[in-house]
$ cat start_8.pdb   # PDB, C-alpha atoms and all ligand atoms
ATOM      1  CA  MET A   1       5.773 -13.257  11.526  1.00  0.00           C
ATOM      2  CA  ARG A   2       5.075 -15.199   8.434  1.00  0.00           C
ATOM      3  CA  MET A   3       4.284 -14.583   4.800  1.00  0.00           C
ATOM      4  CA  TRP A   4       2.102 -17.428   3.599  1.00  0.00           C
ATOM      5  CA  MET A   5       2.344 -16.401  -0.064  1.00  0.00           C
ATOM      6  CA  VAL A   6      -0.650 -18.528  -1.021  1.00  0.00           C
ATOM      7  CA  SER A   7      -3.388 -17.065  -3.236  1.00  0.00           C
ATOM      8  CA  PRO A   8      -5.184 -14.554  -1.000  1.00  0.00           C
ATOM      9  CA  GLU A   9      -8.590 -15.757  -2.161  1.00  0.00           C
ATOM     10  CA  LEU A  10      -7.858 -19.155  -0.578  1.00  0.00           C
ATOM     11  CA  MET A  11      -7.316 -17.696   2.872  1.00  0.00           C
ATOM     12  CA  CYS A  12      -9.939 -17.326   5.586  1.00  0.00           C
ATOM     13  CA  ARG A  13     -10.584 -13.902   7.107  1.00  0.00           C
ATOM     14  CA  ASN A  14      -8.298 -14.562  10.081  1.00  0.00           C
ATOM     15  CA  HIS A  15      -5.391 -15.717   8.005  1.00  0.00           C
ATOM     16  CA  LEU A  16      -5.805 -12.993   5.383  1.00  0.00           C
ATOM     17  CA  LEU A  17      -5.972 -10.226   7.991  1.00  0.00           C
ATOM     18  CA  GLY A  18      -3.290 -11.928  10.062  1.00  0.00           C
ATOM     19  CA  GLU A  19      -0.774 -12.038   7.235  1.00  0.00           C
ATOM     20  CA  HIS A  20      -1.594  -8.422   6.418  1.00  0.00           C
ATOM     21  CA  VAL A  21      -0.875  -7.309  10.004  1.00  0.00           C
ATOM     22  CA  GLU A  22       2.318  -9.355  10.053  1.00  0.00           C
ATOM     23  CA  LEU A  23       3.475  -7.690   6.830  1.00  0.00           C
ATOM     24  CA  HIS A  24       3.161  -4.312   8.508  1.00  0.00           C
ATOM     25  CA  MET A  25       5.023  -5.653  11.556  1.00  0.00           C
ATOM     26  CA  LEU A  26       7.767  -7.002   9.330  1.00  0.00           C
ATOM     27  CA  ALA A  27       8.035  -3.715   7.432  1.00  0.00           C
ATOM     28  CA  GLY A  28       8.197  -1.859  10.771  1.00  0.00           C
ATOM     29  CA  CYS A  29      10.964  -4.137  12.073  1.00  0.00           C
ATOM     30  CA  ILE A  30      13.029  -3.610   8.933  1.00  0.00           C
ATOM     31  CA  GLN A  31      12.531   0.139   9.049  1.00  0.00           C
ATOM     32  CA  ARG A  32      13.633   0.207  12.682  1.00  0.00           C
ATOM     33  CA  GLY A  33      16.682  -1.860  11.805  1.00  0.00           C
ATOM     34  CA  LYS A  34      15.663  -4.891  13.851  1.00  0.00           C
ATOM     35  CA  ASN A  35      17.269  -8.192  13.128  1.00  0.00           C
ATOM     36  CA  ILE A  36      14.941 -10.520  11.250  1.00  0.00           C
ATOM     37  CA  ASN A  37      17.486 -13.214  10.435  1.00  0.00           C
ATOM     38  CA  GLY A  38      15.618 -15.810  12.469  1.00  0.00           C
ATOM     39  CA  PHE A  39      12.581 -15.406  10.219  1.00  0.00           C
ATOM     40  CA  LEU A  40      14.729 -15.458   7.087  1.00  0.00           C
ATOM     41  CA  GLU A  41      16.537 -18.606   8.158  1.00  0.00           C
ATOM     42  CA  LYS A  42      13.286 -20.416   8.784  1.00  0.00           C
ATOM     43  CA  GLY A  43      12.004 -19.393   5.349  1.00  0.00           C
ATOM     44  CA  LEU A  44       9.047 -17.548   6.855  1.00  0.00           C
ATOM     45  CA  VAL A  45       9.432 -14.173   5.158  1.00  0.00           C
ATOM     46  CA  ASP A  46      10.836 -12.642   1.993  1.00  0.00           C
ATOM     47  CA  PRO A  47      11.385  -8.911   2.503  1.00  0.00           C
ATOM     48  CA  SER A  48      11.767  -8.324  -1.241  1.00  0.00           C
ATOM     49  CA  LEU A  49       8.106  -9.289  -1.648  1.00  0.00           C
ATOM     50  CA  ILE A  50       6.639  -7.114   1.108  1.00  0.00           C
ATOM     51  CA  HIS A  51       5.290  -4.445  -1.187  1.00  0.00           C
ATOM     52  CA  SER A  52       3.830  -6.677  -3.900  1.00  0.00           C
ATOM     53  CA  ARG A  53       2.384  -9.078  -1.340  1.00  0.00           C
ATOM     54  CA  HIS A  54       0.805  -6.212   0.555  1.00  0.00           C
ATOM     55  CA  GLU A  55      -0.856  -4.995  -2.665  1.00  0.00           C
ATOM     56  CA  GLU A  56      -2.156  -8.484  -3.351  1.00  0.00           C
ATOM     57  CA  LEU A  57      -3.616  -8.896   0.146  1.00  0.00           C
ATOM     58  CA  VAL A  58      -5.196  -5.435   0.107  1.00  0.00           C
ATOM     59  CA  ARG A  59      -6.846  -6.147  -3.253  1.00  0.00           C
ATOM     60  CA  GLU A  60      -8.458  -9.258  -1.786  1.00  0.00           C
ATOM     61  CA  MET A  61      -9.406  -7.462   1.450  1.00  0.00           C
ATOM     62  CA  GLU A  62     -11.133  -4.745  -0.564  1.00  0.00           C
ATOM     63  CA  ARG A  63     -12.870  -7.310  -2.726  1.00  0.00           C
ATOM     64  CA  ARG A  64     -14.336  -8.809   0.468  1.00  0.00           C
ATOM     65  CA  GLY A  65     -15.313  -5.369   1.724  1.00  0.00           C
ATOM     66  CA  TYR A  66     -12.775  -5.130   4.564  1.00  0.00           C
ATOM     67  CA  ARG A  67     -11.383  -1.727   5.360  1.00  0.00           C
ATOM     68  CA  HIS A  68      -7.797  -0.903   4.654  1.00  0.00           C
ATOM     69  CA  GLN A  69      -6.192   2.279   5.909  1.00  0.00           C
ATOM     70  CA  SER A  70      -2.574   1.388   6.261  1.00  0.00           C
ATOM     71  CA  PRO A  71      -0.381   2.123   3.286  1.00  0.00           C
ATOM     72  CA  ILE A  72       3.001   0.436   3.341  1.00  0.00           C
ATOM     73  CA  ALA A  73       6.336   1.892   2.252  1.00  0.00           C
ATOM     74  CA  GLU A  74       7.142   1.308  -1.406  1.00  0.00           C
ATOM     75  CA  THR A  75      10.882   1.044  -0.961  1.00  0.00           C
ATOM     76  CA  GLY A  76      13.552   0.452   1.599  1.00  0.00           C
ATOM     77  CA  PHE A  77      13.216  -3.301   1.875  1.00  0.00           C
ATOM     78  CA  PRO A  78      16.064  -5.672   1.100  1.00  0.00           C
ATOM     79  CA  ALA A  79      16.065  -6.814  -2.500  1.00  0.00           C
ATOM     80  CA  SER A  80      16.330 -10.488  -1.731  1.00  0.00           C
ATOM     81  CA  GLY A  81      15.234 -12.800   0.982  1.00  0.00           C
ATOM     82  CA  ALA A  82      14.465 -16.355   1.835  1.00  0.00           C
ATOM     83  CA  CYS A  83      13.055 -18.707  -0.711  1.00  0.00           C
ATOM     84  CA  LEU A  84       9.482 -19.407   0.320  1.00  0.00           C
ATOM     85  CA  ASP A  85       7.473 -22.461  -0.598  1.00  0.00           C
ATOM     86  CA  PRO A  86       3.848 -21.437  -1.290  1.00  0.00           C
ATOM     87  CA  GLN A  87       2.740 -25.002  -1.994  1.00  0.00           C
ATOM     88  CA  ALA A  88       4.058 -26.284   1.347  1.00  0.00           C
ATOM     89  CA  ASN A  89       2.453 -23.276   3.044  1.00  0.00           C
ATOM     90  CA  LEU A  90      -0.862 -24.026   1.376  1.00  0.00           C
ATOM     91  CA  ASN A  91      -0.715 -27.576   2.725  1.00  0.00           C
ATOM     92  CA  GLU A  92       0.157 -26.319   6.184  1.00  0.00           C
ATOM     93  CA  LEU A  93      -2.633 -23.753   6.180  1.00  0.00           C
ATOM     94  CA  SER A  94      -5.020 -26.425   5.052  1.00  0.00           C
ATOM     95  CA  SER A  95      -4.010 -28.809   7.828  1.00  0.00           C
ATOM     96  CA  ARG A  96      -4.016 -26.084  10.505  1.00  0.00           C
ATOM     97  CA  CYS A  97      -7.160 -24.175   9.736  1.00  0.00           C
ATOM     98  CA  PRO A  98     -10.555 -25.755   9.024  1.00  0.00           C
ATOM     99  CA  VAL A  99     -11.860 -22.540   7.455  1.00  0.00           C
ATOM    100  CA  CYS A 100      -8.960 -22.206   5.018  1.00  0.00           C
ATOM    101  CA  ARG A 101      -9.250 -25.921   4.352  1.00  0.00           C
ATOM    102  CA  SER A 102     -12.852 -25.650   3.249  1.00  0.00           C
ATOM    103  CA  ILE A 103     -12.084 -22.683   0.961  1.00  0.00           C
ATOM    104  CA  ILE A 104      -9.125 -24.516  -0.590  1.00  0.00           C
ATOM    105  CA  LYS A 105     -11.195 -27.647  -1.025  1.00  0.00           C
ATOM    106  CA  ALA A 106     -14.044 -25.726  -2.676  1.00  0.00           C
ATOM    107  CA  SER A 107     -11.597 -24.044  -5.054  1.00  0.00           C
ATOM    108  CA  LYS A 108     -10.336 -27.434  -6.229  1.00  0.00           C
ATOM    109  CA  GLU A 109     -13.849 -28.623  -6.981  1.00  0.00           C
ATOM    110  CA  LYS A 110     -14.572 -25.719  -9.314  1.00  0.00           C
TER     111      LYS A 110
HETATM  112 ZN    ZN B 201      -1.779  -2.477   4.942  1.00  0.00          ZN
HETATM  113 ZN    ZN B 202      -7.465 -19.895   8.023  1.00  0.00          ZN
END
$ encode --input "start_8.pdb" --output "C-alpha cells"
Amino acid sequence: MRMWMVSPELMCRNHLLGEHVELHMLAGCIQRGKNINGFLEKGLVDPSLIHSRHEELVREMERRGYRHQSPIAETGFPASGACLDPQANLNELSSRCPVCRSIIKASKEK
C-alpha cells in the first residue's frame, strides 16, 4: 500500500485508481486493527491524510468521469503518520510509469 500524494491530475488512470483502492485497503486495515508499522516506517502512507487524500482522488476521478461508489470513514484514523515526500514520489512515478511520465511532462510544458 502506498499513498503517492502527488497531484491527482498528474497520475495515469492505473495509478489514480490504484492509489484510491489502496487508500480503502489502508483504511480497512486500520479499522480492523492491523499493524501497518511496516508501511509507516518506509514512509509509504500517512494515515492522518487518508480522508483528505481520498476526497482529492475522488474529485479527480469524477472529473475524468470514473465512477465512485465507496465512501470512506471520516474519522478513526491516527492523527499523525509518516512524513511523505511528494516530490520524490513524483520522480519515482515518472521513472516507473511511461503514462504518468507523459502527463507530468506535458504539465511542465504548459
Ligand atoms: Zn473511495
Ligand atoms: Zn502511471
$ residues_near_ligand --input "start_8.pdb" --ligand "ligand ZN 201 (chain B)" --cutoff "8 Å" --atoms "all atoms listed in the file" --output "list in words"
His20, Val21, Leu23, His24, His54, Val58, His68, Gln69, Ser70, Pro71 and Ile72 of chain A
$ closest_residue --input "start_8.pdb" --among "A:Ser52, A:Ser7, A:Asn35, A:Ser94" --to "ligand ZN 202 (chain B)" --atoms "all atoms listed in the file"
A:Ser94
$ residues_near_ligand --input "start_8.pdb" --ligand "ligand ZN 202 (chain B)" --cutoff "6 Å" --atoms "only C-alpha atoms and all ligand atoms" --output "ChimeraX atom specification"
/A:11-12,14-15,97,99-100
$ atom_distance --input "start_8.pdb" --atom1 "atom CA of Ala73 of chain A" --atom2 "atom CA of Gly38 of chain A"
22.4 Å
$ resolve_selection --input "start_8.pdb" --expression "the PyMOL selection byres (((chain A and resi 50) around 9) and not hetatm)" --output "PyMOL selection string"
chain A and resi 3+23-24+26-27+45-49+51-55+72+74+77
$ atom_distance --input "start_8.pdb" --atom1 "atom CA of Asn37 of chain A" --atom2 "atom CA of Thr75 of chain A"
19.4 Å
$ closest_residue --input "start_8.pdb" --among "A:Leu44, A:Leu57, A:Ile104, A:Cys29" --to "Asp85 of chain A" --atoms "only C-alpha atoms"
A:Leu44
$ axis_aligned_box --input "start_8.pdb" --around "segment 69-81 of chain A" --padding-each-side "6 Å" --output "JSON"
{"center_x": 5.1, "center_y": -5.3, "center_z": 1.9, "size_x": 34.5, "size_y": 27.1, "size_z": 20.8}
$ closest_residue --input "start_8.pdb" --among "A:Glu9, A:Ala106, A:Gly33, A:Gly76" --to "Arg63 of chain A" --atoms "only C-alpha atoms"
A:Glu9
$ closest_residue --input "start_8.pdb" --among "A:Phe39, A:Ile30, A:Leu93, A:Leu84" --to "Leu16 of chain A" --atoms "only C-alpha atoms"
A:Leu93
$ residues_around --input "start_8.pdb" --residues "Trp4 of chain A" --least-positions-apart "3" --cutoff "8 Å" --atoms "all atoms listed in the file" --output "list of chain:residue names"
A:Glu19, A:Leu44, A:Pro86, A:Asn89, A:Leu90
$ atom_distance --input "start_8.pdb" --atom1 "atom CA of Arg101 of chain A" --atom2 "atom CA of Leu10 of chain A"
8.5 Å
$ decode --input "start_8.pdb" --residues "segment 2-110 of chain A" --atoms "C-alpha atoms" --output "mmCIF file, in the first residue's frame"
data_model
loop_
_atom_site.group_PDB
_atom_site.id
_atom_site.type_symbol
_atom_site.label_atom_id
_atom_site.label_comp_id
_atom_site.auth_asym_id
_atom_site.auth_seq_id
_atom_site.Cartn_x
_atom_site.Cartn_y
_atom_site.Cartn_z
ATOM 1 C CA ARG A 2 1.229 3.400 -0.870
ATOM 2 C CA MET A 3 -0.007 6.961 -0.875
ATOM 3 C CA TRP A 4 1.729 8.777 -3.701
ATOM 4 C CA MET A 5 0.478 12.206 -2.602
ATOM 5 C CA VAL A 6 1.282 13.754 -5.973
ATOM 6 C CA SER A 7 -1.286 15.981 -7.700
ATOM 7 C CA PRO A 8 -4.024 13.583 -8.830
ATOM 8 C CA GLU A 9 -4.246 15.234 -12.240
ATOM 9 C CA LEU A 10 -0.665 14.110 -12.946
ATOM 10 C CA MET A 11 -1.464 10.445 -12.438
ATOM 11 C CA CYS A 12 -2.460 7.973 -15.136
ATOM 12 C CA ARG A 13 -5.709 6.031 -14.783
ATOM 13 C CA ASN A 14 -3.969 2.980 -13.310
ATOM 14 C CA HIS A 15 -2.076 4.913 -10.708
ATOM 15 C CA LEU A 16 -5.026 7.129 -9.787
ATOM 16 C CA LEU A 17 -7.380 4.168 -9.370
ATOM 17 C CA GLY A 18 -4.626 2.122 -7.756
ATOM 18 C CA GLU A 19 -3.920 4.677 -5.052
ATOM 19 C CA HIS A 20 -7.655 5.023 -4.462
ATOM 20 C CA VAL A 21 -8.055 1.259 -3.927
ATOM 21 C CA GLU A 22 -5.010 1.206 -1.667
ATOM 22 C CA LEU A 23 -6.480 4.018 0.438
ATOM 23 C CA HIS A 24 -9.552 1.895 1.059
ATOM 24 C CA MET A 25 -7.322 -1.085 1.896
ATOM 25 C CA LEU A 26 -5.322 1.039 4.302
ATOM 26 C CA ALA A 27 -8.477 2.393 5.945
ATOM 27 C CA GLY A 28 -9.791 -1.184 6.252
ATOM 28 C CA CYS A 29 -6.552 -2.395 7.858
ATOM 29 C CA ILE A 30 -6.633 0.417 10.405
ATOM 30 C CA GLN A 31 -10.277 -0.206 11.206
ATOM 31 C CA ARG A 32 -9.566 -3.898 11.733
ATOM 32 C CA GLY A 33 -6.650 -3.024 13.985
ATOM 33 C CA LYS A 34 -3.987 -4.488 11.711
ATOM 34 C CA ASN A 35 -0.425 -3.443 12.179
ATOM 35 C CA ILE A 36 0.707 -1.023 9.491
ATOM 36 C CA ASN A 37 4.031 -0.068 11.051
ATOM 37 C CA GLY A 38 5.986 -1.504 8.138
ATOM 38 C CA PHE A 39 4.290 0.946 5.776
ATOM 39 C CA LEU A 40 4.778 3.827 8.202
ATOM 40 C CA GLU A 41 8.457 3.065 8.653
ATOM 41 C CA LYS A 42 9.042 3.033 4.926
ATOM 42 C CA GLY A 43 7.274 6.386 4.575
ATOM 43 C CA LEU A 44 4.663 4.917 2.244
ATOM 44 C CA VAL A 45 1.490 6.049 3.996
ATOM 45 C CA ASP A 46 0.239 8.800 6.276
ATOM 46 C CA PRO A 47 -2.974 7.691 7.988
ATOM 47 C CA SER A 48 -3.774 11.251 9.078
ATOM 48 C CA LEU A 49 -4.229 12.150 5.406
ATOM 49 C CA ILE A 50 -6.484 9.257 4.392
ATOM 50 C CA HIS A 51 -9.683 11.250 4.378
ATOM 51 C CA SER A 52 -8.418 14.393 2.648
ATOM 52 C CA ARG A 53 -6.438 12.371 0.119
ATOM 53 C CA HIS A 54 -9.463 10.233 -0.640
ATOM 54 C CA GLU A 55 -11.524 13.382 -1.308
ATOM 55 C CA GLU A 56 -8.822 14.701 -3.608
ATOM 56 C CA LEU A 57 -8.595 11.462 -5.606
ATOM 57 C CA VAL A 58 -12.375 11.140 -5.886
ATOM 58 C CA ARG A 59 -12.657 14.712 -7.181
ATOM 59 C CA GLU A 60 -10.192 13.887 -9.951
ATOM 60 C CA MET A 61 -11.858 10.528 -10.681
ATOM 61 C CA GLU A 62 -15.208 12.274 -11.069
ATOM 62 C CA ARG A 63 -13.675 14.951 -13.250
ATOM 63 C CA ARG A 64 -12.473 12.172 -15.580
ATOM 64 C CA GLY A 65 -15.883 10.520 -15.492
ATOM 65 C CA TYR A 66 -14.900 7.443 -13.460
ATOM 66 C CA ARG A 67 -17.477 6.020 -11.118
ATOM 67 C CA HIS A 68 -17.035 6.245 -7.404
ATOM 68 C CA GLN A 69 -19.282 4.382 -5.007
ATOM 69 C CA SER A 70 -17.126 3.817 -2.000
ATOM 70 C CA PRO A 71 -17.336 6.423 0.714
ATOM 71 C CA ILE A 72 -14.556 6.291 3.271
ATOM 72 C CA ALA A 73 -14.830 6.823 7.022
ATOM 73 C CA GLU A 74 -14.383 10.432 8.095
ATOM 74 C CA THR A 75 -12.755 9.670 11.415
ATOM 75 C CA GLY A 76 -10.984 6.981 13.328
ATOM 76 C CA PHE A 77 -7.592 7.299 11.694
ATOM 77 C CA PRO A 78 -4.455 8.137 13.641
ATOM 78 C CA ALA A 79 -3.772 11.849 13.766
ATOM 79 C CA SER A 80 -0.187 11.613 12.648
ATOM 80 C CA GLY A 81 1.852 9.392 10.452
ATOM 81 C CA ALA A 82 4.965 9.154 8.402
ATOM 82 C CA CYS A 83 6.378 12.146 6.653
ATOM 83 C CA LEU A 84 5.859 11.582 2.947
ATOM 84 C CA ASP A 85 7.879 13.134 0.169
ATOM 85 C CA PRO A 86 5.561 14.014 -2.749
ATOM 86 C CA GLN A 87 8.400 15.343 -4.895
ATOM 87 C CA ALA A 88 10.410 12.117 -4.586
ATOM 88 C CA ASN A 89 7.224 10.157 -5.293
ATOM 89 C CA LEU A 90 6.560 12.231 -8.390
ATOM 90 C CA ASN A 91 10.049 11.416 -9.659
ATOM 91 C CA GLU A 92 9.556 7.741 -8.914
ATOM 92 C CA LEU A 93 6.178 7.635 -10.629
ATOM 93 C CA SER A 94 7.686 9.372 -13.598
ATOM 94 C CA SER A 95 10.550 6.897 -13.871
ATOM 95 C CA ARG A 96 8.300 3.858 -13.328
ATOM 96 C CA CYS A 97 5.324 4.636 -15.487
ATOM 97 C CA PRO A 98 5.503 5.900 -19.079
ATOM 98 C CA VAL A 99 1.888 7.094 -18.969
ATOM 99 C CA CYS A 100 2.359 9.162 -15.812
ATOM 100 C CA ARG A 101 5.634 10.397 -17.255
ATOM 101 C CA SER A 102 3.979 11.792 -20.351
ATOM 102 C CA ILE A 103 1.260 13.528 -18.296
ATOM 103 C CA ILE A 104 3.856 15.040 -15.952
ATOM 104 C CA LYS A 105 5.977 16.134 -18.882
ATOM 105 C CA ALA A 106 3.003 17.749 -20.637
ATOM 106 C CA SER A 107 2.067 19.603 -17.448
ATOM 107 C CA LYS A 108 5.541 21.140 -17.268
ATOM 108 C CA GLU A 109 5.310 22.397 -20.828
ATOM 109 C CA LYS A 110 2.112 24.332 -20.175
#
